[in-house]
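Quick look at model-v9.cif (mmCIF, C-alpha atoms):
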```cif
data_input
#
loop_
_atom_site.label_atom_id
_atom_site.label_comp_id
_atom_site.auth_asym_id
_atom_site.auth_seq_id
_atom_site.Cartn_x
_atom_site.Cartn_y
_atom_site.Cartn_z
CA MET I 91 84.95 78.29 117.15
CA GLU I 92 82.42 80.60 115.56
CA PRO I 93 82.56 80.94 111.77
CA ARG I 94 83.94 84.21 110.54
CA PRO I 95 81.47 86.60 108.89
CA ARG I 96 81.63 87.26 105.19
CA SER I 97 82.79 90.81 105.86
CA PHE I 98 86.01 89.41 107.34
CA TYR I 99 86.99 87.77 104.04
CA ILE I 100 85.98 90.81 102.02
CA LEU I 101 88.11 93.09 104.19
CA SER I 102 90.98 90.56 104.10
CA CYS I 103 90.96 90.58 100.30
CA PHE I 104 90.84 94.38 100.30
CA PHE I 105 93.79 94.53 102.69
CA ALA I 106 95.77 92.05 100.56
CA LEU I 107 95.15 94.17 97.46
CA PHE I 108 96.26 97.25 99.39
CA ILE I 109 99.52 95.55 100.41
CA LEU I 110 100.08 94.42 96.82
CA PHE I 111 99.47 97.93 95.54
CA LEU I 112 101.78 99.39 98.21
CA TYR I 113 104.74 97.05 97.80
CA GLY I 114 104.16 95.64 94.31
CA PRO I 115 106.28 98.23 92.45
CA THR I 116 109.19 97.80 94.87
CA ILE I 117 109.01 94.00 94.57
CA THR I 118 108.85 94.25 90.78
CA ILE I 119 111.96 96.45 90.65
CA GLY I 120 113.72 94.04 93.01
CA ILE I 121 112.94 91.09 90.76
CA LEU I 122 114.01 92.85 87.55
CA SER I 123 117.31 93.90 89.14
CA PHE I 124 118.38 90.22 89.08
CA GLN I 125 118.21 89.99 85.28
CA GLY I 126 120.96 88.30 83.35
CA GLU I 127 123.64 90.21 81.45
CA GLY I 128 121.43 90.53 78.39
CA GLY I 129 118.34 91.53 80.35
CA GLY I 130 116.18 94.53 79.65
CA LEU I 131 113.90 96.82 81.58
CA THR I 132 110.77 94.70 81.27
CA PHE I 133 109.57 91.14 81.60
CA PRO I 134 110.20 88.41 80.59
CA MET I 135 113.53 88.12 82.37
CA ARG I 136 116.56 86.95 80.41
CA GLY I 137 118.36 84.84 82.91
CA VAL I 138 119.05 85.39 86.60
CA SER I 139 122.31 86.83 87.92
CA LEU I 140 123.94 89.53 90.06
CA TYR I 141 125.52 91.13 87.00
CA TRP I 142 123.78 94.50 87.35
CA PHE I 143 124.72 94.80 91.00
CA TYR I 144 128.38 94.30 90.07
CA ASP I 145 127.96 96.74 87.20
CA LEU I 146 126.58 99.32 89.60
CA PHE I 147 129.97 99.52 91.32
CA GLU I 148 131.75 100.10 88.01
CA GLN I 149 132.27 103.53 86.44
CA GLN I 150 128.96 104.59 84.92
CA ALA I 151 128.70 106.40 81.61
CA VAL I 152 126.29 108.93 83.08
CA GLY I 153 125.66 110.27 86.53
CA ASP I 154 127.47 110.28 89.84
CA ILE I 155 125.71 107.59 91.85
CA TRP I 156 128.02 107.25 94.82
CA GLY I 157 128.72 110.95 95.07
CA SER I 158 124.99 111.65 95.20
CA PHE I 159 124.57 108.88 97.78
CA ARG I 160 127.21 110.47 100.03
CA ARG I 161 125.55 113.86 99.69
CA SER I 162 122.12 112.45 100.56
CA PHE I 163 123.55 110.57 103.55
CA VAL I 164 125.39 113.61 104.94
CA LEU I 165 122.38 115.85 104.30
CA GLY I 166 120.12 113.34 106.04
CA LEU I 167 122.37 113.33 109.11
CA MET I 168 122.47 117.13 109.18
CA VAL I 169 118.69 117.39 108.93
CA MET I 170 118.23 114.64 111.53
CA VAL I 171 120.39 116.34 114.16
CA VAL I 172 118.83 119.79 113.69
CA THR I 173 115.31 118.35 113.62
CA VAL I 174 115.83 116.52 116.92
CA VAL I 175 117.42 119.51 118.69
CA VAL I 176 114.92 122.11 117.47
CA SER I 177 111.95 119.80 118.06
CA VAL I 178 112.95 119.22 121.68
CA MET I 179 113.52 122.94 122.22
CA GLY I 180 110.20 123.78 120.58
CA GLY I 181 108.38 121.13 122.60
CA LEU I 182 109.80 122.54 125.82
CA ALA I 183 108.95 126.10 124.80
CA PHE I 184 105.32 125.28 123.97
CA ARG I 185 104.71 123.64 127.35
CA ARG I 186 103.66 127.08 128.54
CA LYS I 187 101.53 129.59 126.71
CA PHE I 188 103.30 132.73 125.55
CA PRO I 189 102.19 135.70 123.43
CA GLY I 190 101.83 134.65 119.81
CA SER I 191 102.18 130.93 120.51
CA SER I 192 99.03 130.03 118.56
CA ILE I 193 100.07 132.07 115.52
CA LEU I 194 103.55 130.57 115.65
CA PHE I 195 102.11 127.06 115.83
CA TYR I 196 100.02 127.58 112.71
CA LEU I 197 102.96 129.14 110.90
CA ILE I 198 105.01 126.03 111.70
CA ILE I 199 102.50 123.55 110.31
CA THR I 200 101.61 125.72 107.29
CA SER I 201 104.68 124.46 105.43
CA LEU I 202 103.13 120.98 105.40
CA VAL I 203 100.24 122.10 103.20
CA ILE I 204 102.21 124.36 100.84
CA PRO I 205 103.19 122.47 97.64
CA SER I 206 106.77 121.27 97.99
CA ILE I 207 107.82 122.56 94.60
CA LEU I 208 106.79 126.09 95.65
CA ILE I 209 108.93 125.80 98.78
CA SER I 210 111.86 124.69 96.62
CA LEU I 211 111.30 127.56 94.17
CA GLY I 212 110.98 130.13 96.94
CA VAL I 213 114.09 129.03 98.82
CA GLY I 214 116.10 128.83 95.61
CA LEU I 215 115.05 132.34 94.58
CA LEU I 216 115.73 133.70 98.06
CA PHE I 217 119.30 132.40 98.02
CA SER I 218 120.06 133.42 94.44
CA GLN I 219 118.59 136.93 94.82
CA SER I 220 120.48 137.40 98.10
CA GLY I 221 123.77 136.53 96.41
CA LEU I 222 124.13 133.33 98.43
CA ASN I 223 125.39 130.09 96.95
CA VAL I 224 122.60 127.67 96.00
CA HIS I 225 124.00 124.40 97.27
CA TRP I 226 122.63 121.16 98.70
CA SER I 227 124.30 121.87 102.07
CA THR I 228 122.81 125.38 102.42
CA SER I 229 119.62 126.05 100.47
CA GLY I 230 118.86 122.35 100.12
CA PHE I 231 119.39 121.90 103.84
CA GLY I 232 117.06 124.79 104.66
CA SER I 233 114.29 123.67 102.31
CA GLN I 234 114.31 120.16 103.76
CA LEU I 235 114.01 121.52 107.29
CA THR I 236 110.70 123.10 106.27
CA TRP I 237 109.51 119.52 105.72
CA THR I 238 111.02 117.67 108.68
CA LEU I 239 110.70 120.24 111.48
CA PRO I 240 106.86 120.37 111.51
CA PHE I 241 106.71 116.58 111.88
CA GLY I 242 109.28 116.61 114.67
CA LEU I 243 107.56 119.47 116.49
CA LEU I 244 104.13 117.82 116.26
CA ILE I 245 105.57 114.63 117.77
CA MET I 246 107.20 116.58 120.60
CA PHE I 247 104.01 118.53 121.27
CA ALA I 248 102.15 115.25 121.71
CA VAL I 249 104.91 113.82 123.90
CA PHE I 250 105.08 116.80 126.28
CA ASN I 251 101.30 117.05 126.49
CA ARG I 252 101.34 113.59 128.09
CA PHE I 253 104.50 114.13 130.10
CA ASP I 254 104.10 113.72 133.87
CA LYS I 255 105.59 116.84 135.45
CA SER I 256 105.86 115.14 138.83
CA TYR I 257 109.16 113.59 137.69
CA GLU I 258 110.64 117.05 137.22
CA GLU I 259 109.22 118.25 140.53
CA ALA I 260 110.79 115.28 142.31
CA ALA I 261 114.16 116.04 140.71
CA ARG I 262 113.98 119.69 141.77
CA ASP I 263 113.01 118.66 145.30
CA LEU I 264 116.20 116.57 145.40
CA GLY I 265 118.27 119.63 144.46
CA ALA I 266 118.70 119.10 140.71
CA THR I 267 119.32 122.13 138.55
CA PRO I 268 117.12 122.76 135.47
CA TRP I 269 119.89 121.43 133.22
CA GLN I 270 120.36 118.31 135.36
CA THR I 271 116.59 117.75 135.35
CA LEU I 272 116.51 117.99 131.57
CA ARG I 273 119.56 115.78 131.06
CA HIS I 274 118.96 113.06 133.64
CA VAL I 275 115.14 113.00 133.87
CA VAL I 276 113.35 114.47 130.87
CA LEU I 277 115.58 113.28 128.02
CA PRO I 278 115.84 109.65 129.20
CA ILE I 279 112.05 109.45 129.54
CA ILE I 280 111.37 110.85 126.06
CA ALA I 281 114.30 108.97 124.45
CA PRO I 282 112.07 106.59 122.39
CA SER I 283 110.22 109.59 120.97
CA LEU I 284 113.54 111.27 120.14
CA ILE I 285 114.53 108.16 118.19
CA GLY I 286 111.26 108.43 116.28
CA VAL I 287 111.89 112.08 115.47
CA ALA I 288 115.42 111.24 114.33
CA LEU I 289 114.09 108.47 112.08
CA PHE I 290 111.51 110.84 110.61
CA GLY I 291 114.13 113.49 110.01
CA PHE I 292 116.62 111.21 108.28
CA THR I 293 114.20 109.23 106.12
CA LEU I 294 112.19 112.28 105.03
CA SER I 295 115.42 114.02 104.03
CA TYR I 296 117.03 110.99 102.40
CA ASP I 297 114.26 110.48 99.83
CA GLU I 298 113.05 114.07 99.43
CA PHE I 299 112.81 115.12 95.79
CA ALA I 300 110.57 118.15 95.26
CA ARG I 301 112.03 120.42 97.95
CA THR I 302 115.56 119.65 96.76
CA LEU I 303 114.90 119.99 93.03
CA LEU I 304 115.61 123.74 92.79
CA THR I 305 117.83 124.10 95.86
CA SER I 306 120.60 121.53 95.37
CA GLY I 307 122.68 123.62 92.99
CA SER I 308 125.12 121.86 90.68
CA TYR I 309 125.31 118.64 92.71
CA ASN I 310 122.45 116.19 92.83
CA THR I 311 121.24 114.25 95.83
CA LEU I 312 120.40 110.59 95.30
CA PRO I 313 116.68 111.05 94.47
CA LEU I 314 117.57 113.71 91.88
CA GLU I 315 120.31 111.48 90.48
CA ILE I 316 117.95 108.53 90.12
CA TYR I 317 115.39 110.74 88.39
CA GLY I 318 118.05 111.97 85.98
CA MET I 319 119.17 108.42 85.26
CA THR I 320 115.65 107.41 84.19
CA THR I 321 116.09 109.51 81.03
CA ASN I 322 119.60 108.24 80.22
CA VAL I 323 120.06 104.71 81.56
CA THR I 324 118.36 101.91 79.63
CA SER I 325 119.67 98.90 81.55
CA PRO I 326 118.62 97.10 84.76
CA VAL I 327 121.47 98.83 86.62
CA LEU I 328 118.84 101.41 87.51
CA TYR I 329 116.76 98.68 89.15
CA ALA I 330 119.81 97.41 91.00
CA LEU I 331 120.33 100.91 92.37
CA GLY I 332 116.69 101.08 93.44
CA THR I 333 116.97 97.72 95.20
CA LEU I 334 120.12 98.72 97.09
CA THR I 335 118.64 102.05 98.19
CA THR I 336 115.52 100.25 99.44
CA VAL I 337 117.65 97.78 101.39
CA PHE I 338 119.67 100.66 102.82
CA SER I 339 116.49 102.43 103.95
CA LEU I 340 115.25 99.26 105.64
CA MET I 341 118.63 98.88 107.35
CA ILE I 342 118.39 102.44 108.70
CA ILE I 343 114.91 101.74 110.05
CA GLY I 344 116.19 98.50 111.59
CA VAL I 345 119.06 100.32 113.32
CA PHE I 346 116.68 102.88 114.83
CA LEU I 347 114.31 100.13 115.98
CA CYS I 348 117.21 98.28 117.63
CA VAL I 349 118.30 101.46 119.38
CA ALA I 350 114.74 102.00 120.61
CA LEU I 351 114.53 98.39 121.82
CA ILE I 352 117.85 98.65 123.67
CA THR I 353 116.75 101.95 125.23
CA ASN I 354 113.46 100.47 126.44
CA ARG I 355 115.20 97.42 127.89
CA ARG I 356 117.72 99.60 129.69
CA ARG I 357 114.95 101.73 131.17
CA ALA I 358 113.07 98.62 132.27
CA ARG I 359 116.22 97.20 133.86
CA GLN I 360 116.92 100.44 135.68
CA GLY I 361 113.33 100.55 136.89
CA SER I 362 113.53 96.99 138.24
CA ASP I 363 116.86 97.71 139.95
CA ALA I 364 115.37 100.81 141.55
CA GLY I 365 112.41 98.76 142.75
CA LYS I 366 114.70 96.15 144.31
CA GLY I 367 116.68 98.91 145.99
CA GLU I 368 113.54 100.31 147.59
CA ILE I 369 112.64 96.87 148.87
#
```
Go ahead and express the file in the form of structure tokens.
Amino acid sequence: MEPRPRSFYILSCFFALFILFLYGPTITIGILSFQGEGGGLTFPMRGVSLYWFYDLFEQQAVGDIWGSFRRSFVLGLMVMVVTVVVSVMGGLAFRRKFPGSSILFYLIITSLVIPSILISLGVGLLFSQSGLNVHWSTSGFGSQLTWTLPFGLLIMFAVFNRFDKSYEEAARDLGATPWQTLRHVVLPIIAPSLIGVALFGFTLSYDEFARTLLTSGSYNTLPLEIYGMTTNVTSPVLYALGTLTTVFSLMIIGVFLCVALITNRRRARQGSDAGKGEI
């Protein structure tokens, strides 16, 4: 076995430092959330217990933790569904050139480079000046779509650029209608990408702060609630909340990955069955 060059060890150390920098704060919060009953917000720890996790489920003096969690969860689902549907429709529409398609494309991705706080300010002013209710389910929902839709559309553009149109032609030759072709041919093939778009939509919405800051109205989402608690809560219950939200996010990612794995296995099984049938 040839000895590894010195550059390998240098790059390995650099990568390890990068991982530490990336996950170090989350690990630190996770450790401090297991402080004892008399623990504080910093090291050294004063005992080890689950006290602050139990305390998290008690009535808090400030804030509405579980109400904000429900709002963030519902808002994430709303954004996820709309992002998937509109992204698929947009991807199908952009398969063919139409007048103004280039301008529309650049308008779509422009929202990614505009500062998020300006989007939040603009949407909030638009709703308030129009006499509409500034609420997390209306203005907050709209402002978050300006963040998730460009990502979903870019993914769908890439997917349909590589899509083999011969599958659709074969379906039409067999007498399938456009709707049947979309439902039974196109959507099953791009299903893993749809799962990715859904994951993007939910996670980007669930932890979005800046675009929700001025558009949520009187009710906070979870990121806004956590930010508000940092100025009022002086106990490790805040760390316990951060640990649970991190675990919840990882669970959501795990669910989507399992769905993608099951979908791929089902497609592979159907492909093998079709191959046996041809034989």
Let me make sure I understand: among I:Gly307, I:Pro313, I:Gly126, I:Pro93, which one has the smallest atom-to-atom distance to Leu215 in chain I if we use all atoms listed in the file? I:Gly307
Measure the distance from CA of Val337 in chain I to CA of Ile121 in chain I in Å and round it to one decimal.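 Pair CA of Val337 in chain I / CA of Ile121 in chain I returns 13.4 Å.
When all atoms listed in the file are used to measure the gap to Met341 in chain I, the shortest distance among I:Val323, I:Val213, I:Val276, I:Leu289 belongs to I:Leu289.
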Expected answer as a list in words: all residues with atoms within 12 Å of (103.6, 127.3, 112.5), all atoms listed in the file: Gly180, Phe184, Gly190, Ser191, Ser192, Ile193, Leu194, Phe195, Tyr196, Leu197, Ile198, Ile199, Thr200, Ser201, Leu202, Val203, Thr236, Trp237, Leu239, Pro240, Phe241, Leu243 and Leu244 of chain I
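One finds CA of Met168 in chain I at 24.1 Å from CA of Ile279 in chain I.
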Take the PyMOL selection byres ((chain I and resi 175) around 12), apply it to the structure above, and return the hits as an NGL selection string. :I and (168-174 or 176-182 or 239 or 242-243 or 246 or 277 or 284-285 or 287-288 or 291)
To one decimal place, how far is CA of Phe299 in chain I from CA of Glu315 in chain I in Å?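 So the two atoms, CA of Phe299 in chain I and CA of Glu315 in chain I, lie 9.9 Å apart.
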Closest to Thr336 in chain I among I:Thr116, I:Ser139, I:Ser102, I:Asn322, using only C-alpha atoms?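 Answer, going by the shortest atom-to-atom distance: I:Thr116.
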Could you expand the PyMOL selection byres ((chain I and resi 275) around 12) into the explicit residues it covers here, written as a list in words?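 Evaluating the PyMOL selection byres ((chain I and resi 275) around 12) on these coordinates yields Phe253, Asp254, Lys255, Ser256, Tyr257, Glu258, Glu259, Ala260, Ala261, Arg262, Ala266, Thr267, Pro268, Trp269, Gln270, Thr271, Leu272, Arg273, His274, Val276, Leu277, Pro278, Ile279, Ile280, Ala281 and Arg357 of chain I.
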May I have the residues from that selection written out with C-alpha atoms, as a compact mmCIF listing (two decimals), in the coordinates of the input?
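After the write, again-v6.txt holds the following:
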```
# COMPACT_ATOMS: atom_id res chain seq x y z
CA PHE I 253 104.50 114.13 130.10
CA ASP I 254 104.10 113.72 133.87
CA LYS I 255 105.59 116.84 135.45
CA SER I 256 105.86 115.14 138.83
CA TYR I 257 109.16 113.59 137.69
CA GLU I 258 110.64 117.05 137.22
CA GLU I 259 109.22 118.25 140.53
CA ALA I 260 110.79 115.28 142.31
CA ALA I 261 114.16 116.04 140.71
CA ARG I 262 113.98 119.69 141.77
CA ALA I 266 118.70 119.10 140.71
CA THR I 267 119.32 122.13 138.55
CA PRO I 268 117.12 122.76 135.47
CA TRP I 269 119.89 121.43 133.22
CA GLN I 270 120.36 118.31 135.36
CA THR I 271 116.59 117.75 135.35
CA LEU I 272 116.51 117.99 131.57
CA ARG I 273 119.56 115.78 131.06
CA HIS I 274 118.96 113.06 133.64
CA VAL I 276 113.35 114.47 130.87
CA LEU I 277 115.58 113.28 128.02
CA PRO I 278 115.84 109.65 129.20
CA ILE I 279 112.05 109.45 129.54
CA ILE I 280 111.37 110.85 126.06
CA ALA I 281 114.30 108.97 124.45
CA ARG I 357 114.95 101.73 131.17
```
Place a sphere of radius 12 Å on (113.5, 106.1, 95.9) in the file coordinates and name every protein, DNA or RNA residue with an atom inside or on its surface, counting all atoms listed in the file; give the answer as a count of residues only. 32
Using the chain letters and numbering of this document, enumerate as a list of chain:residue names the residues selected by the PyMOL selection byres ((chain I and resi 161) around 9).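 The output of the PyMOL selection byres ((chain I and resi 161) around 9) on this file is I:Trp156, I:Gly157, I:Ser158, I:Phe159, I:Arg160, I:Ser162, I:Phe163, I:Val164, I:Leu165, I:Gly166, I:Trp226, I:Ser227, I:Tyr309, I:Asn310, I:Thr311, I:Leu312.
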For Gly318 in chain I, which residue among I:Ile155, I:Met135, I:Ser123, I:Leu208 is the nearest when counting all atoms listed in the file? I:Ile155
Box dimensions and centre (Å, one decimal) enclosing range 325-344 of chain I, axis-aligned, 8 Å extra per side, as JSON:
```
{"center_x": 118.2, "center_y": 99.8, "center_z": 96.6, "size_x": 22.6, "size_y": 21.3, "size_z": 46.0}
```
